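Undergrad: Just dropping this structure here.
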Amino acid sequence: MSEGVNGNGAHRDVWVIVAAAGESRRMGLPDGESKQFLLLGGEPILSHSVRRLLAMPEVSGLVVVLHPSHTVRFANELLVFDDAKPLLIAEGGRQRADSVRAGLLDVPGSAHVIAVHDGARPLFSRHVFQDCLRALDGADGAVPGVEVSDTLKRAGEGGFVEGTVDRGRLWAVQTPQVFRAGALREVYSRTGLNGATDDAVLLERAGFRVAVVPSTPANVKITTPADLPLAGALLSWETQADV
């Protein structure tokens with residue numbers, strides 16, 4: 001039986017780092033604004049992610065990593081969360097890896113599992129999160145994903161198709177991604193983290209085992225203005241579905 005696992009897929013001391021320090025350039029917002037504070041269903045996008053994570057019985061605490069100019073602003077938002085679980089704020093860096101490393105500094109050493117979540121994914125499934133935790137019984141990390149169903153083309157300069165990519169065994173990966181704390185801390189103690197688009201790739205490079213857990217396309221990441229109305233429609237759908 002591995003450390004932190006009770007044999008039934010349950011884990012003790014699960015902490016989540018919420019990465020929300022991006023500059024939101026693709027949202028076309030004015031300088032200094034962030035998509036994390038855009039309203040979704042009358043509540044900031046980031047608040048949806050935080051509220052949902054705090055409601056997970058498996059989660060012991062959260063570290064929300066923000067752009068330095070937004071820490072005071074979100075501190076005011078924290079007043080709406082009446083919860084006994086720790087909810088900490090850290091300042092992020094220029095790259096995603098810098099922000100996750102900053103969050104790791106605030107995660108207690110007692111944590112057995114550390115999850116990393118994009119603050120701009122407010123509609124993740126709690127059931128999939130639990131499935132990812134169970135997957136750690138046989139892996140060092142687990143990521144939610146959706147099998148690619150569209151035909152994939154590789155285009156070159158000028159937008160002309162150079163070839164068709166075999167979509168077999170390809171997955172579009174999401175967050176929250178969960179990791180054994182020791183494995184995540186080990187890869188973040190190393191250099192050469194630039195270019196990683198998620199945290200699982202760092203474990204892959206180091207030879208750790210990462211499992212993919214089936215998820216739902218409803219776990220959208222709000223990146224462009226067109227994503228916001230889609231998320232709003234999905235939020236309304238969630239009131240009638242147990243996700």
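Letters A, B, ... mark the chains of the structure tokens in the order given; residue numbers begin at 1 per chain; ligand numbers begin at 1, in order shown.
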Can you list, as a ChimeraX atom specification, every protein, DNA or RNA residue that comes within 7 Å of stretch 134-150 of chain A when you count only C-alpha atoms, leaving out same-chain residues fewer than 4 positions away?

TA: /A:5,9-10,128,130,167,170-175,177-180,183,208-217

Undergrad: When you look at A:Ala111 with a cut-off of 12 Å (counting only C-alpha atoms), what residues show up, excluding the ones that are within fewer than 4 positions of it in the same chain? I need them as a list in words.

TA: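 After dropping sequence-adjacent residues, the list is Glu3, Gly4, Val5, His11, Arg12, Asp13, Val14, Trp15, Val16, Ile17, Glu58, Val59, Ser60, Gly61, Leu62, Leu104, Leu105, Asp106, Val107, Ala115, Phe179, Arg180, Ala181, Gly182, Ala183, Leu184 and Arg185 of chain A.
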
Undergrad: Would you please work out which residue, of A:Ala21, A:Val63, A:Ile89, A:Leu40, is nearest to A:Val116 when using only C-alpha atoms?

TA: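 Residue with the minimum atom-to-atom distance to A:Val116: A:Val63.
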
Undergrad: I'd like the interatomic distance between atom CA of A:Leu202 and atom CA of A:Val187, to a tenth of an Å.

TA: 6.3 Å

Undergrad: From the list A:Ala84, A:Leu123, A:Leu54, A:Ala90, which residue is nearest A:Ala20 when using only C-alpha atoms?

TA: A:Ala90

Undergrad: Based on DSSP run over this structure's backbone, return all residues of stretch 1-213 of chain A in strand (DSSP E), as a VMD selection string.

TA: chain A and resid 14 to 20 39 to 40 43 to 44 59 to 66 87 to 91 113 to 118 141 to 147 152 to 155 161 to 165 171 to 173 177 to 180 210 to 213

Undergrad: Atom CA of A:Thr164 to atom CA of A:Thr197: how many Å, to one decimal?

TA: 22.9 Å

Undergrad: Among stretch 1-232 of chain A, which residues carry a DSSP assignment of alpha helix (DSSP H), reported as an MDAnalysis selection string?

TA: chainID A and resid 45:54 71:77 96:104 126:135 181:188 200:205 227:232

Undergrad: Which neighbours of A:Arg94 fall inside 9 Å, counting only C-alpha atoms, when residues of the same chain fewer than 2 positions from it are skipped, and could you give them as a VMD selection string?

TA: chain A and resid 21 to 22 67 92 96 to 99

Undergrad: Next, the residues of the selection above should be written as a short mmCIF file (atom, residue, chain, number, x, y, z; two decimals), in the first residue's frame with C-alpha atoms.

TA:
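Written file, result.cif:
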```
data_model
loop_
_atom_site.label_atom_id
_atom_site.label_comp_id
_atom_site.auth_asym_id
_atom_site.auth_seq_id
_atom_site.Cartn_x
_atom_site.Cartn_y
_atom_site.Cartn_z
CA ALA A 21 -1.82 34.27 -12.58
CA GLY A 22 -2.15 34.52 -16.37
CA HIS A 67 -0.81 37.88 -10.60
CA GLY A 92 2.63 33.94 -9.36
CA ARG A 96 3.03 28.73 -15.42
CA ALA A 97 5.81 26.68 -13.86
CA ASP A 98 6.90 29.71 -11.80
CA SER A 99 3.38 30.06 -10.44
#
```

Undergrad: Tell me which protein, DNA and RNA residues are within 8 Å of A:Ile222, counting only C-alpha atoms, leaving out same-chain ones fewer than 2 positions away, and put them as a list in words.

TA: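 With the cut-off at 8 Å, the set is Lys35, Ala120, Arg121, Val220, Thr224, Pro225, Asp227, Leu228 and Ala231 of chain A.
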
Undergrad: Please compute the atom CA of A:Ile114-atom CA of A:Gly232 distance, one decimal, in Å.

TA: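 So the answer is 28.7 Å.
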